[in-house]
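**Q** Structure below; questions to follow.
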Amino acid sequence: MTVRVRFSPAPSGYLHVGSARSALFNWLYARHTGGTFILRVEDTNADRSKPELVDSIRESLTWLGLDWDEEYLQSERFDLYLEAANDLLANGKAYLCDCTPDDVKTRAEARGESASGGYDGHCRNRNVEPGDGVAMRFATPNEGVTGWDDLIRGRVEFENAVLEDFIIVRSSGVPMFHVANAYDDYDMGITHVVRGEDLVNTTPRVLLLREAMGATTQPTYAHLPLIVNEQRKKLSKRRDDVSVSDYADKGYLAEAMRNYLATLGWGPEDGVEVRPIEEIIEQFELADIGKAPAFFDVKKLDHFNGEYIRALPEDDFVSQTWPLVDGTIDRELYERLAPELQLRVKQFSQVPSFIDWIVGDAPEPSGKDWRKVMKKDKVPEALDLIIERLGEAPWEAAELERIVFGVGEELETRTQVPVRLAITGVRSGLPLFEPMAAVDRQVVLDRLKAARERLR
RNA sequence: GCCCCCAUCGUUCAGCGGCCUAGGACACCUGCCUUUCACGCAGGCAACACGGGUUCAAAUCCCGUUGGGGGUACCA
């Protein structure tokens, strides 16, 4: 049987890293097995779905290199779900209900349960006629258990008695996602359902519906551990900075993100984490996925990204980062500086901060840096000498280096960092002399003199 | 409240009864390289939540406790 998996986002927001990881694992499994990867947009709730969000999800998936083989929009399949629901009604597996949410809540409280105590089956045998405010509910079994063998979690079972008679068609006539989900997985011949652990509780409902629709088999489920924030809570679009497109905008490489995401909940057997996607596809197995939630660690993502940036061909690095500095720096100079830049940046967005001082004003040194670097005995004297000699020198990198280091040797002190701080505003960065020679002599002298003044 | 799940270094992945005085990676610290930083290289710090079993033998199996998380909608 050939594998068919689907990624089923609800277009209620941008693609976030948790969903992206679900998509990735589905994709990896499909590619590993030579199966089919399906994008199925679960937009059965018109209020919460926006067409432009579907586009943004497609864009993020494409950015990550997750290509899909088939695509469906559930909003275009309403009639199918409705028909399935009506069949259930005709077979006595579902019934009409005219209780309002308030009715349900009131009765639950009267029973001494909390407001979310659930529906009590009030209309199960009332033969409610179709009409305004009438919804359809599924009649769940009162006994027995519904369960499945989860590829990641092992056997999971729910007592049917704890399952309430949930709504399958809203009073507005729109089918609920459970119906769409059960119907589509069945209809589309989905063999493996790979999704977040937050969906385990809905699984028995879907399984029961599926069975009621006539299915005699279950898909294989694999419930992924959640990706959590530093507070160990499920990533939230509101609270956490997790939109995939934001990372793309910040200059993370798609390959790095994809590679990092693959190590959350799963890892290659040999422990080599940074590696080509082809090798990950080859090694990936659903059964090897771990059970415990994983923290989305931006620091580690940065490391992955740095590795991928350094592995980039020099030309690619230049062409991909040039737009960030175009109009400020000379192209030829940028190309000369690029290899050193490539070694240092962990995100493309950091590029401008490394060259700002060359093409514009230098930032004011922090008090801490100033004290650490400039408050040394020989600094004023060194600065005086350097300023003097720089006034006459041929303005080229090798000459500047000779002068700065020469003064250092004469005075038996280190001169690079004080000069660097005076000129660039920070005490670390690109090798100094090449870019320094690209700055106007007078500008360099002004900055050195300003620093010298501040030392009086 | 009820239902479901999880539990190895700060983080992440490994370990699936003896090979574990628990391994790799990120982060952190030290040294080397370098008159900056980074890269690279060499080291270091650091974990089996707790309590009972089972077994000749448990990080690995079972039960409980504790802790954490998820769900509980006419959202998906």
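Identifiers in this document derive from the order of the structure tokens: chains are assigned A, B, ..., residues are numbered from 1 separately in each chain, and ligands are numbered from 1 in order of occurrence.
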Running DSSP on the backbone, which parts of stretch 163-376 of chain A land in alpha helix (DSSP H), as a ChimeraX atom specification?
**A** /A:177-187,203-212,244-249,254-262,277-283,298-311,314-325,331-344,351-359,367-374
**Q** Going by DSSP on the backbone, which bits of stretch 10-174 of chain A are strand (DSSP E or B)? Write them as a PyMOL selection string, please.
**A** chain A and resi 16+36-41+70-73+94-97+135-138+145-150+154-159+167-169
**Q** Could you please select, counting only C-alpha atoms (C1' of nucleotides), the residues of chain A within 6 Å of chain B and state them as a ChimeraX atom specification?
**A** /A:10,170,198,201,267,271,292,300,343-344,414,417,428-429
**Q** Contacts of stretch 48-64 of chain B at 8 Å or less, counting only C-alpha atoms (C1' of nucleotides), minus same-chain residues fewer than 4 places along, as an mmCIF file with all heavy atoms, in the first residue's frame?
**A**
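Final output, saved to out11.cif:
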data_model
loop_
_atom_site.group_PDB
_atom_site.id
_atom_site.type_symbol
_atom_site.label_atom_id
_atom_site.label_comp_id
_atom_site.auth_asym_id
_atom_site.auth_seq_id
_atom_site.Cartn_x
_atom_site.Cartn_y
_atom_site.Cartn_z
ATOM 1 P P A B 7 8.453 10.356 28.346
ATOM 2 O OP1 A B 7 9.513 9.968 27.415
ATOM 3 O OP2 A B 7 7.658 9.323 29.023
ATOM 4 O "O5'" A B 7 9.061 11.314 29.477
ATOM 5 C "C5'" A B 7 9.779 12.518 29.074
ATOM 6 C "C4'" A B 7 10.308 13.177 30.337
ATOM 7 O "O4'" A B 7 9.175 13.479 31.167
ATOM 8 C "C3'" A B 7 11.242 12.229 31.096
ATOM 9 O "O3'" A B 7 12.591 12.622 31.186
ATOM 10 C "C2'" A B 7 10.572 12.004 32.459
ATOM 11 O "O2'" A B 7 11.418 12.361 33.531
ATOM 12 C "C1'" A B 7 9.372 12.946 32.461
ATOM 13 N N9 A B 7 8.128 12.332 32.953
ATOM 14 C C8 A B 7 7.305 11.449 32.345
ATOM 15 N N7 A B 7 6.245 11.132 33.061
ATOM 16 C C5 A B 7 6.396 11.870 34.218
ATOM 17 C C6 A B 7 5.609 11.989 35.394
ATOM 18 N N6 A B 7 4.483 11.338 35.578
ATOM 19 N N1 A B 7 6.059 12.821 36.366
ATOM 20 C C2 A B 7 7.197 13.482 36.181
ATOM 21 N N3 A B 7 8.025 13.455 35.132
ATOM 22 C C4 A B 7 7.548 12.618 34.171
ATOM 23 P P U B 8 13.315 13.856 30.524
ATOM 24 O OP1 U B 8 12.941 15.018 31.331
ATOM 25 O OP2 U B 8 13.194 13.910 29.088
ATOM 26 O "O5'" U B 8 14.814 13.468 30.893
ATOM 27 C "C5'" U B 8 15.085 12.897 32.171
ATOM 28 C "C4'" U B 8 16.520 12.504 32.197
ATOM 29 O "O4'" U B 8 16.741 11.370 31.321
ATOM 30 C "C3'" U B 8 17.469 13.555 31.665
ATOM 31 O "O3'" U B 8 17.782 14.509 32.663
ATOM 32 C "C2'" U B 8 18.678 12.723 31.269
ATOM 33 O "O2'" U B 8 19.412 12.361 32.415
ATOM 34 C "C1'" U B 8 17.991 11.488 30.691
ATOM 35 N N1 U B 8 17.766 11.590 29.236
ATOM 36 C C2 U B 8 18.837 11.282 28.405
ATOM 37 O O2 U B 8 19.925 10.950 28.836
ATOM 38 N N3 U B 8 18.567 11.377 27.065
ATOM 39 C C4 U B 8 17.388 11.745 26.481
ATOM 40 O O4 U B 8 17.306 11.773 25.260
ATOM 41 C C5 U B 8 16.341 12.063 27.391
ATOM 42 C C6 U B 8 16.562 11.969 28.713
ATOM 43 P P G B 15 17.919 5.410 20.664
ATOM 44 O OP1 G B 15 17.824 4.449 19.578
ATOM 45 O OP2 G B 15 16.701 6.046 21.214
ATOM 46 O "O5'" G B 15 18.658 4.725 21.873
ATOM 47 C "C5'" G B 15 19.961 4.179 21.681
ATOM 48 C "C4'" G B 15 20.539 3.975 23.055
ATOM 49 O "O4'" G B 15 20.436 5.213 23.783
ATOM 50 C "C3'" G B 15 19.747 2.950 23.868
ATOM 51 O "O3'" G B 15 20.434 1.720 23.801
ATOM 52 C "C2'" G B 15 19.788 3.486 25.288
ATOM 53 O "O2'" G B 15 20.755 2.835 26.082
ATOM 54 C "C1'" G B 15 20.246 4.933 25.143
ATOM 55 N N9 G B 15 19.352 5.924 25.749
ATOM 56 C C8 G B 15 18.231 6.508 25.250
ATOM 57 N N7 G B 15 17.673 7.355 26.087
ATOM 58 C C5 G B 15 18.479 7.322 27.201
ATOM 59 C C6 G B 15 18.399 8.010 28.443
ATOM 60 O O6 G B 15 17.562 8.824 28.814
ATOM 61 N N1 G B 15 19.440 7.671 29.301
ATOM 62 C C2 G B 15 20.436 6.769 28.993
ATOM 63 N N2 G B 15 21.350 6.573 29.946
ATOM 64 N N3 G B 15 20.547 6.122 27.841
ATOM 65 C C4 G B 15 19.539 6.448 27.006
ATOM 66 P P C B 16 19.865 0.340 23.742
ATOM 67 O OP1 C B 16 20.892 -0.589 24.225
ATOM 68 O OP2 C B 16 19.322 0.211 22.391
ATOM 69 O "O5'" C B 16 18.699 0.381 24.799
ATOM 70 C "C5'" C B 16 17.997 -0.794 25.040
ATOM 71 C "C4'" C B 16 16.543 -0.438 25.187
ATOM 72 O "O4'" C B 16 16.205 0.685 24.352
ATOM 73 C "C3'" C B 16 15.666 -1.569 24.684
ATOM 74 O "O3'" C B 16 15.411 -2.424 25.803
ATOM 75 C "C2'" C B 16 14.413 -0.869 24.227
ATOM 76 O "O2'" C B 16 13.503 -0.658 25.265
ATOM 77 C "C1'" C B 16 14.946 0.494 23.756
ATOM 78 N N1 C B 16 15.102 0.590 22.290
ATOM 79 C C2 C B 16 13.957 0.762 21.503
ATOM 80 O O2 C B 16 12.847 0.806 22.058
ATOM 81 N N3 C B 16 14.098 0.863 20.155
ATOM 82 C C4 C B 16 15.304 0.818 19.601
ATOM 83 N N4 C B 16 15.391 0.945 18.281
ATOM 84 C C5 C B 16 16.481 0.643 20.391
ATOM 85 C C6 C B 16 16.336 0.529 21.719
ATOM 86 P P G B 17 15.797 -3.982 25.656
ATOM 87 O OP1 G B 17 16.645 -4.188 24.500
ATOM 88 O OP2 G B 17 14.514 -4.682 25.794
ATOM 89 O "O5'" G B 17 16.648 -4.295 26.977
ATOM 90 C "C5'" G B 17 17.013 -3.210 27.854
ATOM 91 C "C4'" G B 17 17.897 -3.788 28.893
ATOM 92 O "O4'" G B 17 17.058 -4.145 30.009
ATOM 93 C "C3'" G B 17 18.567 -5.108 28.467
ATOM 94 O "O3'" G B 17 19.766 -4.996 27.712
ATOM 95 C "C2'" G B 17 18.683 -5.907 29.799
ATOM 96 O "O2'" G B 17 19.971 -5.779 30.394
ATOM 97 C "C1'" G B 17 17.688 -5.194 30.707
ATOM 98 N N9 G B 17 16.700 -6.054 31.328
ATOM 99 C C8 G B 17 15.777 -6.893 30.773
ATOM 100 N N7 G B 17 15.066 -7.529 31.669
ATOM 101 C C5 G B 17 15.563 -7.080 32.888
ATOM 102 C C6 G B 17 15.205 -7.415 34.219
ATOM 103 O O6 G B 17 14.341 -8.189 34.610
ATOM 104 N N1 G B 17 15.979 -6.718 35.154
ATOM 105 C C2 G B 17 16.978 -5.824 34.830
ATOM 106 N N2 G B 17 17.610 -5.263 35.838
ATOM 107 N N3 G B 17 17.316 -5.500 33.597
ATOM 108 C C4 G B 17 16.577 -6.171 32.684
ATOM 109 P P G B 18 21.011 -4.157 27.862
ATOM 110 O OP1 G B 18 21.062 -2.742 27.439
ATOM 111 O OP2 G B 18 21.696 -5.168 27.098
ATOM 112 O "O5'" G B 18 21.511 -4.165 29.390
ATOM 113 C "C5'" G B 18 22.537 -3.294 29.844
ATOM 114 C "C4'" G B 18 23.438 -4.048 30.792
ATOM 115 O "O4'" G B 18 22.937 -5.384 30.946
ATOM 116 C "C3'" G B 18 24.893 -4.194 30.349
ATOM 117 O "O3'" G B 18 25.644 -3.329 31.170
ATOM 118 C "C2'" G B 18 25.283 -5.649 30.626
ATOM 119 O "O2'" G B 18 26.257 -5.690 31.701
ATOM 120 C "C1'" G B 18 24.030 -6.250 31.194
ATOM 121 N N9 G B 18 23.563 -7.585 30.875
ATOM 122 C C8 G B 18 23.205 -8.162 29.693
ATOM 123 N N7 G B 18 22.663 -9.360 29.843
ATOM 124 C C5 G B 18 22.694 -9.575 31.205
ATOM 125 C C6 G B 18 22.247 -10.667 31.977
ATOM 126 O O6 G B 18 21.666 -11.685 31.640
ATOM 127 N N1 G B 18 22.490 -10.469 33.328
ATOM 128 C C2 G B 18 23.086 -9.352 33.852
ATOM 129 N N2 G B 18 23.252 -9.327 35.166
ATOM 130 N N3 G B 18 23.482 -8.307 33.153
ATOM 131 C C4 G B 18 23.260 -8.502 31.845
ATOM 132 P P A B 22 29.206 8.118 33.636
ATOM 133 O OP1 A B 22 30.504 8.235 32.925
ATOM 134 O OP2 A B 22 28.540 9.325 34.127
ATOM 135 O "O5'" A B 22 28.169 7.359 32.684
ATOM 136 C "C5'" A B 22 28.590 6.805 31.439
ATOM 137 C "C4'" A B 22 27.496 6.987 30.444
ATOM 138 O "O4'" A B 22 26.231 6.642 31.065
ATOM 139 C "C3'" A B 22 27.303 8.443 29.986
ATOM 140 O "O3'" A B 22 28.138 8.742 28.900
ATOM 141 C "C2'" A B 22 25.841 8.440 29.576
ATOM 142 O "O2'" A B 22 25.652 7.840 28.311
ATOM 143 C "C1'" A B 22 25.224 7.543 30.634
ATOM 144 N N9 A B 22 24.754 8.288 31.817
ATOM 145 C C8 A B 22 25.303 8.339 33.069
ATOM 146 N N7 A B 22 24.629 9.092 33.920
ATOM 147 C C5 A B 22 23.573 9.569 33.157
ATOM 148 C C6 A B 22 22.504 10.412 33.469
ATOM 149 N N6 A B 22 22.308 10.945 34.682
ATOM 150 N N1 A B 22 21.632 10.690 32.482
ATOM 151 C C2 A B 22 21.823 10.149 31.270
ATOM 152 N N3 A B 22 22.786 9.344 30.860
ATOM 153 C C4 A B 22 23.636 9.080 31.871
#
**Q** Do a neighbour search on A:Leu324 at 10 Å with only C-alpha atoms (C1' of nucleotides), toss out local chain neighbours closer than 2 positions, and write the hits as a ChimeraX atom specification.
**A** /A:251,319-322,326-328,348-352
**Q** Give me, as a PyMOL selection string, all polymer residues having an atom no more than 8 Å from A:Ala135, counting only C-alpha atoms (C1' of nucleotides) and skipping those fewer than 4 positions away in the same chain.
**A** (chain A and resi 96-98+167-173) or (chain B and resi 74)
**Q** Write the residues of the selection above to a file with N, CA and C atoms (P, O5', C5', C4', C3', O3' and C1' of nucleotides), as a PDB file, in the first residue's frame.
**A**
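So result-v7.pdb came out as:
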ATOM      1  N   LEU A  96     -31.071  15.300  15.440  1.00  0.00           N
ATOM      2  CA  LEU A  96     -31.187  16.751  15.451  1.00  0.00           C
ATOM      3  C   LEU A  96     -31.353  17.254  16.886  1.00  0.00           C
ATOM      4  N   CYS A  97     -30.870  18.454  17.107  1.00  0.00           N
ATOM      5  CA  CYS A  97     -30.885  18.993  18.470  1.00  0.00           C
ATOM      6  C   CYS A  97     -31.177  20.487  18.406  1.00  0.00           C
ATOM      7  N   ASP A  98     -32.128  20.931  19.242  1.00  0.00           N
ATOM      8  CA  ASP A  98     -32.448  22.364  19.228  1.00  0.00           C
ATOM      9  C   ASP A  98     -32.036  23.067  20.525  1.00  0.00           C
ATOM     10  N   ILE A 167     -21.488  18.056  18.252  1.00  0.00           N
ATOM     11  CA  ILE A 167     -22.137  18.628  17.064  1.00  0.00           C
ATOM     12  C   ILE A 167     -21.402  18.201  15.794  1.00  0.00           C
ATOM     13  N   ILE A 168     -22.137  17.761  14.799  1.00  0.00           N
ATOM     14  CA  ILE A 168     -21.478  17.471  13.528  1.00  0.00           C
ATOM     15  C   ILE A 168     -21.931  18.419  12.405  1.00  0.00           C
ATOM     16  N   VAL A 169     -23.132  19.005  12.581  1.00  0.00           N
ATOM     17  CA  VAL A 169     -23.532  20.050  11.630  1.00  0.00           C
ATOM     18  C   VAL A 169     -24.083  21.218  12.447  1.00  0.00           C
ATOM     19  N   ARG A 170     -23.516  22.388  12.208  1.00  0.00           N
ATOM     20  CA  ARG A 170     -23.960  23.568  12.942  1.00  0.00           C
ATOM     21  C   ARG A 170     -25.404  23.912  12.566  1.00  0.00           C
ATOM     22  N   SER A 171     -26.038  24.694  13.398  1.00  0.00           N
ATOM     23  CA  SER A 171     -27.411  25.110  13.092  1.00  0.00           C
ATOM     24  C   SER A 171     -27.448  25.967  11.827  1.00  0.00           C
ATOM     25  N   SER A 172     -26.292  26.476  11.434  1.00  0.00           N
ATOM     26  CA  SER A 172     -26.223  27.243  10.197  1.00  0.00           C
ATOM     27  C   SER A 172     -26.180  26.320   8.979  1.00  0.00           C
ATOM     28  N   GLY A 173     -26.086  25.020   9.240  1.00  0.00           N
ATOM     29  CA  GLY A 173     -26.050  24.075   8.136  1.00  0.00           C
ATOM     30  C   GLY A 173     -24.647  23.712   7.673  1.00  0.00           C
TER      31      GLY A 173
ATOM     32  P     C B  74     -20.582  23.348  21.184  1.00  0.00           P
ATOM     33  O5'   C B  74     -20.997  23.720  19.711  1.00  0.00           O
ATOM     34  C5'   C B  74     -20.403  23.046  18.604  1.00  0.00           C
ATOM     35  C4'   C B  74     -20.609  23.954  17.416  1.00  0.00           C
ATOM     36  C3'   C B  74     -20.271  25.399  17.831  1.00  0.00           C
ATOM     37  O3'   C B  74     -19.061  25.823  17.212  1.00  0.00           O
ATOM     38  C1'   C B  74     -22.541  25.175  16.958  1.00  0.00           C
TER      39        C B  74
END
**Q** May I have the residues within 9 Å of A:Asn259 as a list in words, using only C-alpha atoms (C1' of nucleotides) and disregarding those fewer than 5 positions away in the same chain?
**A**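 What passes the distance filter is Ala254, Glu273, Val274, Arg275, Pro276, Ile277, Ile280 and Phe304 of chain A.
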**Q** Could the residues in this selection be saved with C-alpha atoms as a PDB file, in the first residue's frame?
**A**
ATOM      1  CA  ALA A 254      15.102  27.903   4.603  1.00  0.00           C
ATOM      2  CA  GLU A 273      22.477  17.051  13.080  1.00  0.00           C
ATOM      3  CA  VAL A 274      23.491  19.497  10.396  1.00  0.00           C
ATOM      4  CA  ARG A 275      23.192  17.599   7.147  1.00  0.00           C
ATOM      5  CA  PRO A 276      21.629  17.596   3.688  1.00  0.00           C
ATOM      6  CA  ILE A 277      17.903  17.020   3.506  1.00  0.00           C
ATOM      7  CA  ILE A 280      17.374  13.167   6.535  1.00  0.00           C
ATOM      8  CA  PHE A 304      22.369  25.902  12.265  1.00  0.00           C
TER       9      PHE A 304
END
**Q** Kindly give the distance, in Å, that separates atom CA of A:Val54 and atom CA of A:Glu71, rounded to a single decimal.
**A**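 Atom CA of A:Glu71 lies 11.5 Å from atom CA of A:Val54.
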